[in-house]
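**Q** Have a look at this one.
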Amino acid sequence: MLSEIIVKENWSDYNIRKSRHIDRLLFNCSEEWEIDYLIQKIQAHEPWSEYKIREAIKLACYEELEPRPRESFIRCVIKILT
């Protein structure tokens with residue numbers, strides 16, 4: 001399953017970039033770099049357009065309430081895409 005593949009990938013560069021260590025397992029929909037990062041992760045496995053992925057992320061941001069655990073957020077995005 002695609003969401004599990006993405007969840008299990010190496011996210012260390014993402015974790016380092018998060019401003020607070022506590023937030024590293026949460027997805028922040030207001031951070032453009034996090035959205036771009038997730039788009040790149042998804043496109044590494046599927047040829048979906050950036051627009052399609054961005055729209056799925058927007059929908060997931062409304063469906064998943066804060067705080068958004070990264071793993072469940074990724075699953076939500078992939079569910080919307082498929």
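We label chains A, B, ... in the order they appear in the structure tokens, count residues from 1 in each chain, and number ligands from 1 in the order shown.
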I'd like the neighbourhood of Lys52 (chain A) as a PyMOL selection string, where a residue qualifies if any of its atoms comes within 12 Å (using only C-alpha atoms), though same-chain residues fewer than 5 positions away should be ignored.

**A** chain A and resi 39+42-43+46-47+57-59+77-78+80-82

**Q** Could you turn the residues from that selection into a file that holds C-alpha atoms, as a compact mmCIF listing (two decimals), in the first residue's frame?

**A**
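Generated file (out.txt):
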# COMPACT_ATOMS: atom_id res chain seq x y z
CA ILE A 39 4.22 16.28 -2.77
CA ILE A 42 4.26 11.07 -3.24
CA GLN A 43 5.53 11.88 -6.74
CA GLU A 46 3.20 7.89 -8.40
CA PRO A 47 3.07 10.16 -11.48
CA ILE A 57 -3.60 17.71 0.70
CA LYS A 58 -5.99 20.67 0.97
CA LEU A 59 -8.95 18.33 1.41
CA VAL A 77 -4.09 12.13 1.46
CA ILE A 78 -3.43 8.83 -0.32
CA ILE A 80 -8.26 10.94 -1.36
CA LEU A 81 -5.88 10.42 -4.29
CA THR A 82 -6.98 6.87 -4.90

**Q** For the alpha helix (DSSP H) assignment from backbone DSSP, which residues of chain A qualify? Please present them as a ChimeraX atom specification.

**A** /A:2-8,12-17,32-43,50-63,70-81

**Q** Would you list the contacts of Glu66 (chain A) as number ranges by chain, taking every protein, DNA or RNA residue within 10 Å and counting only C-alpha atoms, but skipping same-chain residues closer than 2 positions in sequence?

**A** A: 26-29, 61-64, 68-69

**Q** Quick one: pull the distance between CA of Glu4 (chain A) and CA of Ile53 (chain A), Å, one decimal.

**A**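 Taking CA of Glu4 (chain A) as the start and CA of Ile53 (chain A) as the end point, the length is 16.9 Å.
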
**Q** Would you return as a CSV table (one decimal) with N, CA, C and O atoms, in the first residue's frame the members of chain A that DSSP assigns to strand (DSSP E or B) on this structure's backbone?

**A**
chain,number,residue,atom,x,y,z
A,26,LEU,N,4.0,15.6,13.5
A,26,LEU,CA,2.7,16.2,13.1
A,26,LEU,C,2.9,16.9,11.8
A,26,LEU,O,4.0,17.4,11.5
A,27,PHE,N,1.9,16.9,11.0
A,27,PHE,CA,1.9,17.6,9.7
A,27,PHE,C,1.2,19.0,9.9
A,27,PHE,O,0.1,19.1,10.4
A,68,ARG,N,-2.4,17.1,13.6
A,68,ARG,CA,-2.5,16.1,12.5
A,68,ARG,C,-1.3,15.2,12.6
A,68,ARG,O,-0.2,15.5,12.1
A,69,PRO,N,-1.4,14.0,13.1
A,69,PRO,CA,-0.3,13.0,13.2
A,69,PRO,C,0.1,12.7,11.7
A,69,PRO,O,-0.8,12.5,10.9
